[in-house]
file run_35.txt (compact mmCIF, C-alpha atoms)
# COMPACT_ATOMS: atom_id res chain seq x y z
CA MET C 15 185.97 170.26 129.20
CA ARG C 16 187.57 167.64 131.44
CA ASN C 17 187.03 167.95 135.20
CA PRO C 18 190.55 168.38 136.66
CA THR C 19 189.46 167.07 140.06
CA VAL C 20 188.46 163.66 138.68
CA SER C 21 191.75 163.28 136.76
CA LEU C 22 193.89 163.65 139.90
CA PRO C 23 195.29 160.51 141.58
CA ALA C 24 193.23 159.33 144.57
CA HIS C 25 195.78 160.37 147.19
CA GLN C 26 196.02 163.87 145.73
CA ARG C 27 192.24 164.22 145.75
CA TYR C 28 192.20 163.16 149.39
CA ASP C 29 194.98 165.60 150.33
CA ALA C 30 193.15 168.40 148.53
CA TYR C 31 189.94 167.53 150.37
CA MET C 32 191.65 167.52 153.76
CA ALA C 33 193.28 170.90 153.04
CA ARG C 34 190.02 172.50 151.90
CA LYS C 35 188.39 174.85 154.41
CA HIS C 36 185.49 175.84 152.16
CA PHE C 37 183.42 173.38 150.17
CA PRO C 38 182.15 174.94 146.92
CA GLY C 39 178.52 174.33 146.04
CA LEU C 40 177.15 173.82 149.54
CA ASP C 41 175.60 177.28 149.78
CA GLY C 42 173.88 176.43 146.51
CA ILE C 43 172.52 173.24 148.08
CA ARG C 44 171.19 175.35 150.96
CA ALA C 45 169.46 177.53 148.36
CA VAL C 46 167.82 174.47 146.77
CA ALA C 47 166.64 173.34 150.19
CA ILE C 48 165.15 176.66 151.29
CA ILE C 49 163.47 177.32 147.94
CA GLY C 50 161.83 173.90 148.27
CA VAL C 51 160.57 174.77 151.75
CA VAL C 52 159.12 178.14 150.66
CA TRP C 53 157.50 176.37 147.68
CA HIS C 54 155.98 173.79 150.02
CA HIS C 55 154.35 176.41 152.24
CA SER C 56 152.98 178.41 149.29
CA ALA C 57 149.97 177.71 147.11
CA ARG C 58 151.39 175.83 144.14
CA PRO C 59 150.52 173.73 141.09
CA ASP C 60 151.24 170.07 141.84
CA PHE C 61 151.70 168.78 138.29
CA LEU C 62 154.32 166.28 139.45
CA PRO C 63 154.56 164.36 142.73
CA MET C 64 157.79 166.18 143.64
CA PHE C 65 155.94 169.51 143.60
CA ALA C 66 154.09 168.38 146.72
CA ARG C 67 157.32 167.34 148.49
CA GLY C 68 159.14 170.60 149.07
CA PHE C 69 159.18 169.66 152.75
CA ALA C 70 162.09 167.35 151.90
CA GLY C 71 164.20 170.50 151.71
CA VAL C 72 164.44 170.20 155.51
CA ASP C 73 165.89 166.70 155.12
CA LEU C 74 168.49 168.12 152.73
CA PHE C 75 169.39 170.78 155.32
CA PHE C 76 169.80 168.00 157.88
CA VAL C 77 172.22 165.96 155.77
CA LEU C 78 174.28 169.06 155.06
CA SER C 79 174.33 170.10 158.70
CA GLY C 80 175.41 166.67 159.89
CA PHE C 81 178.24 166.60 157.36
CA LEU C 82 179.56 170.10 158.05
CA ILE C 83 179.35 169.98 161.84
CA ALA C 84 180.94 166.54 162.09
CA THR C 85 183.70 167.57 159.68
CA LEU C 86 184.41 170.67 161.76
CA LEU C 87 184.61 168.64 164.97
CA ILE C 88 186.71 165.84 163.47
CA ARG C 89 189.25 168.27 162.07
CA GLU C 90 189.46 170.29 165.29
CA LYS C 91 190.16 167.15 167.29
CA ALA C 92 192.81 166.03 164.79
CA ARG C 93 194.46 169.44 164.80
CA HIS C 94 194.42 170.19 168.53
CA GLY C 95 193.96 166.80 170.15
CA ARG C 96 190.69 167.93 171.70
CA ILE C 97 187.42 169.69 170.93
CA SER C 98 186.57 172.93 172.69
CA LEU C 99 182.89 172.45 173.44
CA ARG C 100 182.76 175.96 174.88
CA ASN C 101 183.96 177.47 171.61
CA PHE C 102 181.73 175.24 169.50
CA TRP C 103 178.57 176.05 171.44
CA ALA C 104 179.47 179.75 171.56
CA ARG C 105 179.79 179.83 167.76
CA ARG C 106 176.48 178.00 167.34
CA PHE C 107 174.80 180.39 169.78
CA LEU C 108 176.05 183.45 167.92
CA ARG C 109 175.02 182.00 164.56
CA LEU C 110 171.55 180.77 165.39
CA MET C 111 170.05 182.19 168.53
CA PRO C 112 170.07 185.99 168.07
CA ALA C 113 167.74 185.80 165.07
CA TYR C 114 165.63 183.05 166.60
CA TYR C 115 165.15 184.68 169.97
CA GLY C 116 164.74 188.06 168.30
CA LEU C 117 161.81 186.64 166.34
CA LEU C 118 160.27 184.94 169.40
CA ILE C 119 160.51 188.06 171.59
CA ALA C 120 159.21 190.35 168.84
CA MET C 121 156.26 188.01 168.28
CA LEU C 122 155.50 187.80 171.99
CA ALA C 123 155.58 191.58 172.41
CA ALA C 124 153.42 192.18 169.33
CA TYR C 125 150.77 189.63 170.31
CA VAL C 126 150.58 190.77 173.94
CA LEU C 127 150.34 194.44 172.95
CA PHE C 128 148.03 194.20 169.95
CA LYS C 129 146.03 191.00 170.55
CA PRO C 130 145.51 190.74 174.32
CA GLY C 131 143.06 188.01 175.28
CA ASP C 132 143.20 186.44 171.82
CA PRO C 133 143.50 182.62 171.59
CA ASP C 134 146.53 183.08 169.32
CA THR C 135 148.23 185.11 172.05
CA ALA C 136 147.37 182.52 174.67
CA ARG C 137 148.92 179.73 172.57
CA LEU C 138 152.10 181.74 172.09
CA VAL C 139 152.40 182.70 175.76
CA GLU C 140 151.72 179.17 176.98
CA GLY C 141 154.00 177.62 174.41
CA PHE C 142 156.82 180.15 174.73
CA PRO C 143 158.96 177.96 177.06
CA VAL C 144 158.71 175.09 174.56
CA TYR C 145 159.90 177.30 171.70
CA ALA C 146 162.57 179.00 173.82
CA LEU C 147 163.99 175.66 174.99
CA TYR C 148 163.99 174.14 171.48
CA LEU C 149 161.51 171.39 172.30
CA SER C 150 158.96 172.01 169.57
CA ASN C 151 159.96 168.88 167.67
CA TRP C 152 158.37 166.84 170.48
CA PHE C 153 155.58 169.19 171.62
CA HIS C 154 153.18 171.25 169.52
CA PRO C 155 152.11 174.54 171.17
CA GLY C 156 150.44 175.58 167.90
CA ALA C 157 151.47 179.26 167.82
CA ASN C 158 150.98 181.00 164.48
CA ASN C 159 153.77 180.55 161.95
CA LEU C 160 156.04 178.74 164.40
CA GLY C 161 155.30 175.20 163.27
CA ILE C 162 158.55 175.26 161.30
CA THR C 163 160.60 175.53 164.52
CA TRP C 164 160.48 171.73 164.96
CA SER C 165 163.45 171.41 162.60
CA LEU C 166 165.42 174.11 164.42
CA ALA C 167 164.82 172.22 167.66
CA THR C 168 166.02 169.00 166.01
CA GLU C 169 169.23 170.69 164.88
CA GLU C 170 169.86 172.22 168.31
CA GLN C 171 169.49 168.84 169.98
CA PHE C 172 172.02 167.46 167.49
CA TYR C 173 174.40 170.33 168.28
CA LEU C 174 174.06 169.55 171.97
CA VAL C 175 174.55 165.78 171.83
CA TRP C 176 176.85 164.91 168.94
CA PRO C 177 179.81 167.17 169.92
CA LEU C 178 179.89 165.36 173.27
CA ILE C 179 180.22 162.05 171.45
CA GLU C 180 182.94 163.36 169.14
CA ALA C 181 184.79 164.91 172.09
CA PHE C 182 184.70 162.09 174.62
CA ALA C 183 183.67 158.77 173.04
CA ALA C 184 186.21 156.30 171.74
CA PRO C 185 185.90 155.77 167.96
CA ILE C 186 184.31 152.32 168.41
CA ALA C 187 181.80 153.69 170.94
CA ALA C 188 180.93 156.64 168.68
CA ALA C 189 180.44 154.27 165.74
CA GLY C 190 178.26 152.03 167.90
CA PHE C 191 176.12 154.97 168.98
CA TRP C 192 175.74 156.04 165.34
CA VAL C 193 174.66 152.56 164.24
CA VAL C 194 172.17 152.13 167.09
CA ALA C 195 170.73 155.61 166.51
CA LEU C 196 170.33 154.91 162.80
CA ILE C 197 168.61 151.57 163.46
CA VAL C 198 166.20 153.12 165.96
CA ASN C 199 165.39 155.92 163.54
CA GLN C 200 164.72 153.44 160.76
CA LEU C 201 162.44 151.44 163.03
CA VAL C 202 160.50 154.68 163.46
CA ASN C 203 160.65 155.41 159.73
CA PHE C 204 159.24 152.00 158.82
CA GLY C 205 156.54 152.23 161.50
CA VAL C 206 157.83 149.31 163.56
CA LEU C 207 157.81 151.39 166.75
CA ASP C 208 154.40 152.99 166.17
CA PRO C 209 152.60 150.74 168.71
CA ALA C 210 155.20 151.48 171.38
CA ILE C 211 155.07 155.24 170.66
CA ASN C 212 151.28 155.27 170.80
CA ALA C 213 151.27 153.27 174.03
CA ALA C 214 153.75 155.65 175.66
CA PHE C 215 152.40 158.97 174.40
CA GLY C 216 148.77 158.32 173.58
CA PRO C 217 146.70 157.19 170.58
CA CYS C 218 147.94 158.48 167.20
CA ALA C 219 151.09 159.97 168.79
CA ALA C 220 153.14 158.38 166.01
CA GLU C 221 151.09 160.19 163.34
CA GLY C 222 151.54 163.78 162.24
CA SER C 223 154.79 164.46 164.11
CA GLU C 224 157.40 166.01 161.85
CA ILE C 225 160.35 164.59 163.77
CA LEU C 226 158.89 161.09 163.53
CA ASP C 227 158.39 161.59 159.79
CA ALA C 228 161.86 162.92 158.99
CA THR C 229 163.65 161.30 161.97
CA PHE C 230 167.30 162.06 162.74
CA THR C 231 168.36 159.79 159.85
CA PRO C 232 169.50 162.51 157.41
CA ILE C 233 171.66 164.16 160.10
CA LEU C 234 173.21 160.78 160.91
CA PHE C 235 173.92 160.17 157.22
CA GLY C 236 175.68 163.54 157.06
CA VAL C 237 177.79 162.58 160.09
CA GLY C 238 178.61 159.23 158.51
CA LEU C 239 179.69 160.95 155.29
CA ALA C 240 182.03 163.24 157.23
CA HIS C 241 183.72 160.29 158.93
CA LEU C 242 183.94 158.30 155.71
CA LEU C 243 185.66 161.15 153.84
CA ASN C 244 188.01 161.86 156.74
CA ARG C 245 189.89 158.55 156.26
CA ALA C 246 191.95 157.89 153.15
CA ARG C 247 190.41 154.46 152.53
CA GLY C 248 186.90 155.79 153.14
CA PHE C 249 187.57 158.71 150.82
CA ALA C 250 188.78 156.33 148.11
CA LEU C 251 185.58 154.28 148.48
CA ALA C 252 183.39 157.41 148.37
CA ALA C 253 185.31 158.66 145.31
CA ARG C 254 184.54 155.41 143.47
CA ILE C 255 180.85 155.61 144.36
CA ALA C 256 180.16 159.35 144.07
CA GLY C 257 183.28 160.91 142.59
CA PHE C 258 183.01 159.91 138.93
CA ARG C 259 182.75 162.61 136.29
CA PHE C 260 178.99 163.03 135.98
CA ALA C 261 178.12 161.96 139.53
CA PRO C 262 176.48 165.28 140.59
CA MET C 263 174.10 165.16 137.63
CA VAL C 264 173.43 161.43 138.01
CA PHE C 265 172.53 161.65 141.69
CA ALA C 266 170.52 164.85 141.22
CA ALA C 267 168.53 163.09 138.47
CA ALA C 268 168.08 159.99 140.63
CA LEU C 269 166.86 162.13 143.53
CA LEU C 270 164.32 163.87 141.29
CA ALA C 271 163.19 160.51 139.89
CA VAL C 272 162.55 159.02 143.34
CA ALA C 273 160.85 162.24 144.48
CA ASN C 274 158.44 161.82 141.56
CA ILE C 275 157.28 158.33 142.50
CA PRO C 276 153.54 158.59 143.23
CA ALA C 277 152.81 157.76 146.87
CA ALA C 278 150.41 159.11 149.46
CA ASP C 279 153.00 158.48 152.19
CA ILE C 280 156.74 158.54 151.54
CA SER C 281 157.75 157.04 154.90
CA GLY C 282 159.66 153.78 154.88
CA ALA C 283 161.77 152.74 151.89
CA MET C 284 161.01 155.81 149.81
CA ARG C 285 162.11 158.32 152.45
CA LEU C 286 165.20 156.23 153.19
CA ALA C 287 166.05 156.22 149.47
CA ILE C 288 165.63 160.00 149.35
CA HIS C 289 167.98 160.41 152.31
CA VAL C 290 170.58 158.10 150.75
CA LEU C 291 170.42 159.96 147.42
CA MET C 292 170.68 163.34 149.16
CA THR C 293 173.82 162.10 150.91
CA LEU C 294 175.30 160.81 147.65
CA TRP C 295 174.47 164.08 145.88
CA ILE C 296 176.19 166.14 148.57
CA ALA C 297 179.14 163.74 148.50
CA SER C 298 179.44 164.15 144.72
CA ILE C 299 179.46 167.95 145.03
CA VAL C 300 182.09 167.83 147.78
CA LEU C 301 184.23 165.39 145.79
CA GLN C 302 184.04 167.48 142.62
CA PRO C 303 184.59 171.17 143.41
CA SER C 304 185.31 171.83 139.71
CA ALA C 305 182.25 170.05 138.29
CA GLN C 306 179.77 172.02 136.19
CA MET C 307 176.94 171.47 138.65
CA THR C 308 179.15 172.61 141.53
CA LYS C 309 179.96 175.76 139.58
CA ALA C 310 176.25 176.31 138.90
CA LEU C 311 175.54 176.02 142.62
CA GLU C 312 178.27 178.61 143.21
CA TRP C 313 176.54 181.14 140.92
CA ARG C 314 176.46 184.30 143.03
CA PRO C 315 172.64 184.79 143.28
CA VAL C 316 172.16 181.11 144.19
CA ALA C 317 175.02 181.09 146.70
CA TYR C 318 173.69 184.30 148.26
CA ILE C 319 170.28 182.72 148.86
CA GLY C 320 172.10 179.85 150.55
CA ALA C 321 174.09 182.27 152.70
CA VAL C 322 170.91 183.87 154.09
CA SER C 323 168.90 180.64 154.11
CA TYR C 324 168.72 180.44 157.91
CA GLY C 325 166.90 183.76 158.11
CA MET C 326 164.74 182.72 155.17
CA TYR C 327 163.66 179.64 157.07
CA LEU C 328 162.83 181.70 160.15
CA PHE C 329 160.86 184.40 158.36
CA HIS C 330 159.34 182.73 155.32
CA MET C 331 156.01 181.81 156.91
CA TRP C 332 155.34 185.48 157.66
CA CYS C 333 156.22 186.39 154.10
CA VAL C 334 153.92 183.67 152.76
CA HIS C 335 151.14 185.14 154.92
CA ALA C 336 151.89 188.68 153.73
CA ALA C 337 151.84 187.46 150.13
CA SER C 338 148.38 185.92 150.63
CA VAL C 339 147.06 189.22 152.03
CA LEU C 340 148.50 191.13 149.07
CA ILE C 341 147.12 188.63 146.58
CA GLU C 342 143.65 188.81 148.09
CA LYS C 343 143.71 192.60 148.06
CA PHE C 344 144.60 192.80 144.37
CA SER C 345 142.65 189.68 143.29
CA LEU C 346 145.72 187.96 141.87
CA PRO C 347 145.76 184.25 140.96
CA LEU C 348 146.92 182.59 144.18
CA VAL C 349 148.51 179.45 142.74
CA TRP C 350 150.73 181.32 140.29
CA THR C 351 151.70 184.36 142.34
CA GLN C 352 152.08 183.42 146.00
CA PHE C 353 155.37 181.57 145.65
CA PRO C 354 157.31 184.22 143.67
CA ILE C 355 155.98 187.04 145.89
CA ALA C 356 156.71 185.12 149.08
CA LEU C 357 160.17 184.06 147.88
CA GLY C 358 161.12 187.61 146.89
CA ALA C 359 159.85 189.05 150.16
CA THR C 360 161.63 186.34 152.15
CA ILE C 361 164.96 187.07 150.45
CA ILE C 362 164.62 190.80 151.12
CA VAL C 363 163.64 190.40 154.78
CA SER C 364 166.32 187.80 155.41
CA ALA C 365 169.02 189.84 153.69
CA ALA C 366 168.13 192.85 155.87
CA SER C 367 168.21 190.69 158.99
CA PHE C 368 171.55 189.17 157.99
CA HIS C 369 173.37 192.41 157.18
CA PHE C 370 171.89 194.73 159.80
CA TYR C 371 171.31 192.38 162.73
CA GLU C 372 172.74 188.85 162.52
CA LYS C 373 176.12 189.93 161.16
CA GLN C 374 176.85 191.86 164.35
CA PHE C 375 176.80 188.56 166.22
CA LEU C 376 178.48 186.56 163.47
CA ASP C 377 181.51 188.84 163.64
CA LEU C 378 181.92 187.90 167.30
CA ARG C 379 182.47 184.24 166.43
CA LYS C 380 186.15 184.85 165.59
CA ARG C 381 186.75 185.17 169.34
CA PHE C 382 185.82 181.51 169.72
CA ARG C 383 188.03 180.06 166.98
CA LYS C 384 191.40 178.49 167.59

call {"tool": "encode", "arguments": {"input": "run_35.txt", "output": "structure tokens"}}
result
Amino acid sequence: MRNPTVSLPAHQRYDAYMARKHFPGLDGIRAVAIIGVVWHHSARPDFLPMFARGFAGVDLFFVLSGFLIATLLIREKARHGRISLRNFWARRFLRLMPAYYGLLIAMLAAYVLFKPGDPDTARLVEGFPVYALYLSNWFHPGANNLGITWSLATEEQFYLVWPLIEAFAAPIAAAGFWVVALIVNQLVNFGVLDPAINAAFGPCAAEGSEILDATFTPILFGVGLAHLLNRARGFALAARIAGFRFAPMVFAAALLAVANIPAADISGAMRLAIHVLMTLWIASIVLQPSAQMTKALEWRPVAYIGAVSYGMYLFHMWCVHAASVLIEKFSLPLVWTQFPIALGATIIVSAASFHFYEKQFLDLRKRFRK
């Protein structure tokens, strides 16, 4: 069956894109990302190199976040002539912080009450300001099951800085900032700045830091995609590159192929290639809302996982731990059972959090929309 989106003239495809408020398939991409992250933190069979690289799901989240947030800001400025930073930050607060701070406070109370004097409690208490201020992508307090908060901190720093650039910087200045930021991040990615980082922050500071592994590159690529698609000429270029009929399948296959290249360390060219292919894959889904892969990503169970993926990211480490306890108790095979048990438990916990807790705050966001 012919894809009707591809058969439209370029200007009609662009007009349809600009009029679209919801992008089909993106919740499905969130589902792919979070399933990869849960897989990465579970015991698993690593038959293929990509099976050991579920951590790249975070990079996929970053590209998607950069694209969606920048698109939102660009369109608000075009529609109203300005960006309401107050409204933007209020919406982000209501979306992200109730669940995050709820988890932090619940953990702190539980550890203080039930594990007083324990080293785990001491690490959480001492590191609490770092977690609360979203600085854990630069500092490592080491509290149990909070190592994943580095990516949340990275996103929050993006939400703080980039809206200011979109709101106040001239287009040429914003583009210059984007280019310089991308170059700096690639110098980190290729290890060029390792000596300077180690000299400033101590020996081996450039090793083992998640933010220095992933860098802000995928978020910047998402921002760049948003700006490219926002202009008619940029949209036409993107449509030629990533809008052909089988583009979603081609770029998904290319991403899987690169992810399966054997390598002990994927930093440098390989990680850059993964980020580029993630961006092209997302672009192809956005450009083809009627494609078969887009429809597959819109399948209700998949889209639902994407809708609750934020809670899944917050809670999945606890579910992985609970799964390991259950597996040990019943002497189940760890490698084959931890992931499905952890994934199922994570979906249930996150769905409960979303419907009975987070949604109360999400409903308040309409007060901060123009």

call {"tool": "residues_near_point", "arguments": {"input": "run_35.txt", "point": "(170.0, 192.0, 170.0)", "cutoff": "9 Å", "atoms": "only C-alpha atoms", "output": "list in words"}}
result
Pro112, Ala113, Tyr115, Gly116, Tyr371, Glu372, Gln374 and Phe375 of chain C

call {"tool": "atom_distance", "arguments": {"input": "run_35.txt", "atom1": "atom CA of Arg383 of chain C", "atom2": "atom CA of Ala321 of chain C"}}
result
20.1 Å

call {"tool": "closest_residue", "arguments": {"input": "run_35.txt", "among": "C:Val194, C:Ala70, C:Ala250, C:Phe230", "to": "Leu269 of chain C", "atoms": "all atoms listed in the file"}}
result
C:Ala70

call {"tool": "atom_distance", "arguments": {"input": "run_35.txt", "atom1": "atom CA of Pro59 of chain C", "atom2": "atom CA of Trp350 of chain C"}}
result
7.6 Å

call {"tool": "residues_around", "arguments": {"input": "run_35.txt", "residues": "Pro217 of chain C", "least_positions_apart": "6", "cutoff": "10 Å", "atoms": "all atoms listed in the file", "output": "list in words"}}
result
Asp208, Pro209 and Ile211 of chain C

call {"tool": "write_last_selection", "arguments": {"input": "run_35.txt", "atoms": "C-alpha atoms", "output": "short mmCIF file (atom, residue, chain, number, x, y, z; two decimals), in the frame of the given file"}}
result
data_model
loop_
_atom_site.label_atom_id
_atom_site.label_comp_id
_atom_site.auth_asym_id
_atom_site.auth_seq_id
_atom_site.Cartn_x
_atom_site.Cartn_y
_atom_site.Cartn_z
CA ASP C 208 154.40 152.99 166.17
CA PRO C 209 152.60 150.74 168.71
CA ILE C 211 155.07 155.24 170.66
#

call {"tool": "atom_distance", "arguments": {"input": "run_35.txt", "atom1": "atom CA of Lys35 of chain C", "atom2": "atom CA of Leu82 of chain C"}}
result
10.7 Å

call {"tool": "decode", "arguments": {"input": "run_35.txt", "residues": "segment 325-347 of chain C", "atoms": "N, CA and C atoms", "output": "PDB file, in the first residue's frame"}}
result
ATOM      1  N   GLY C 325       8.310   7.601  34.327  1.00  0.00           N
ATOM      2  CA  GLY C 325       8.226   6.866  35.587  1.00  0.00           C
ATOM      3  C   GLY C 325       9.001   5.566  35.528  1.00  0.00           C
ATOM      4  N   MET C 326       8.976   4.904  34.379  1.00  0.00           N
ATOM      5  CA  MET C 326       9.732   3.665  34.238  1.00  0.00           C
ATOM      6  C   MET C 326      11.217   3.915  34.438  1.00  0.00           C
ATOM      7  N   TYR C 327      11.696   5.024  33.899  1.00  0.00           N
ATOM      8  CA  TYR C 327      13.116   5.331  34.085  1.00  0.00           C
ATOM      9  C   TYR C 327      13.427   5.593  35.549  1.00  0.00           C
ATOM     10  N   LEU C 328      12.551   6.302  36.238  1.00  0.00           N
ATOM     11  CA  LEU C 328      12.772   6.599  37.653  1.00  0.00           C
ATOM     12  C   LEU C 328      12.787   5.348  38.521  1.00  0.00           C
ATOM     13  N   PHE C 329      11.864   4.422  38.248  1.00  0.00           N
ATOM     14  CA  PHE C 329      11.620   3.314  39.174  1.00  0.00           C
ATOM     15  C   PHE C 329      12.250   1.990  38.761  1.00  0.00           C
ATOM     16  N   HIS C 330      12.804   1.913  37.544  1.00  0.00           N
ATOM     17  CA  HIS C 330      13.170   0.587  37.058  1.00  0.00           C
ATOM     18  C   HIS C 330      14.296  -0.066  37.846  1.00  0.00           C
ATOM     19  N   MET C 331      15.211   0.712  38.405  1.00  0.00           N
ATOM     20  CA  MET C 331      16.302   0.090  39.155  1.00  0.00           C
ATOM     21  C   MET C 331      15.792  -0.640  40.387  1.00  0.00           C
ATOM     22  N   TRP C 332      14.756  -0.095  41.012  1.00  0.00           N
ATOM     23  CA  TRP C 332      14.163  -0.763  42.176  1.00  0.00           C
ATOM     24  C   TRP C 332      13.452  -2.040  41.750  1.00  0.00           C
ATOM     25  N   CYS C 333      12.845  -2.010  40.587  1.00  0.00           N
ATOM     26  CA  CYS C 333      12.159  -3.201  40.088  1.00  0.00           C
ATOM     27  C   CYS C 333      13.166  -4.274  39.668  1.00  0.00           C
ATOM     28  N   VAL C 334      14.289  -3.854  39.107  1.00  0.00           N
ATOM     29  CA  VAL C 334      15.351  -4.810  38.775  1.00  0.00           C
ATOM     30  C   VAL C 334      15.859  -5.477  40.055  1.00  0.00           C
ATOM     31  N   HIS C 335      16.041  -4.672  41.105  1.00  0.00           N
ATOM     32  CA  HIS C 335      16.483  -5.224  42.393  1.00  0.00           C
ATOM     33  C   HIS C 335      15.441  -6.187  42.955  1.00  0.00           C
ATOM     34  N   ALA C 336      14.169  -5.804  42.913  1.00  0.00           N
ATOM     35  CA  ALA C 336      13.109  -6.678  43.427  1.00  0.00           C
ATOM     36  C   ALA C 336      13.055  -7.984  42.640  1.00  0.00           C
ATOM     37  N   ALA C 337      13.275  -7.886  41.327  1.00  0.00           N
ATOM     38  CA  ALA C 337      13.277  -9.091  40.498  1.00  0.00           C
ATOM     39  C   ALA C 337      14.412 -10.025  40.899  1.00  0.00           C
ATOM     40  N   SER C 338      15.584  -9.473  41.214  1.00  0.00           N
ATOM     41  CA  SER C 338      16.715 -10.313  41.614  1.00  0.00           C
ATOM     42  C   SER C 338      16.438 -11.022  42.937  1.00  0.00           C
ATOM     43  N   VAL C 339      15.763 -10.335  43.855  1.00  0.00           N
ATOM     44  CA  VAL C 339      15.396 -10.963  45.133  1.00  0.00           C
ATOM     45  C   VAL C 339      14.416 -12.107  44.898  1.00  0.00           C
ATOM     46  N   LEU C 340      13.424 -11.869  44.053  1.00  0.00           N
ATOM     47  CA  LEU C 340      12.426 -12.895  43.743  1.00  0.00           C
ATOM     48  C   LEU C 340      13.065 -14.089  43.048  1.00  0.00           C
ATOM     49  N   ILE C 341      13.963 -13.821  42.124  1.00  0.00           N
ATOM     50  CA  ILE C 341      14.628 -14.889  41.387  1.00  0.00           C
ATOM     51  C   ILE C 341      15.485 -15.744  42.310  1.00  0.00           C
ATOM     52  N   GLU C 342      16.183 -15.086  43.225  1.00  0.00           N
ATOM     53  CA  GLU C 342      17.011 -15.840  44.175  1.00  0.00           C
ATOM     54  C   GLU C 342      16.150 -16.703  45.093  1.00  0.00           C
ATOM     55  N   LYS C 343      15.023 -16.157  45.525  1.00  0.00           N
ATOM     56  CA  LYS C 343      14.145 -16.893  46.424  1.00  0.00           C
ATOM     57  C   LYS C 343      13.595 -18.155  45.780  1.00  0.00           C
ATOM     58  N   PHE C 344      13.257 -18.083  44.509  1.00  0.00           N
ATOM     59  CA  PHE C 344      12.643 -19.225  43.824  1.00  0.00           C
ATOM     60  C   PHE C 344      13.625 -19.959  42.914  1.00  0.00           C
ATOM     61  N   SER C 345      14.907 -19.625  43.009  1.00  0.00           N
ATOM     62  CA  SER C 345      15.970 -20.307  42.250  1.00  0.00           C
ATOM     63  C   SER C 345      15.679 -20.343  40.749  1.00  0.00           C
ATOM     64  N   LEU C 346      15.282 -19.202  40.212  1.00  0.00           N
ATOM     65  CA  LEU C 346      15.002 -19.091  38.785  1.00  0.00           C
ATOM     66  C   LEU C 346      16.291 -18.755  38.032  1.00  0.00           C
ATOM     67  N   PRO C 347      16.350 -19.067  36.740  1.00  0.00           N
ATOM     68  CA  PRO C 347      17.540 -18.717  35.955  1.00  0.00           C
ATOM     69  C   PRO C 347      17.616 -17.202  35.755  1.00  0.00           C
TER      70      PRO C 347
END
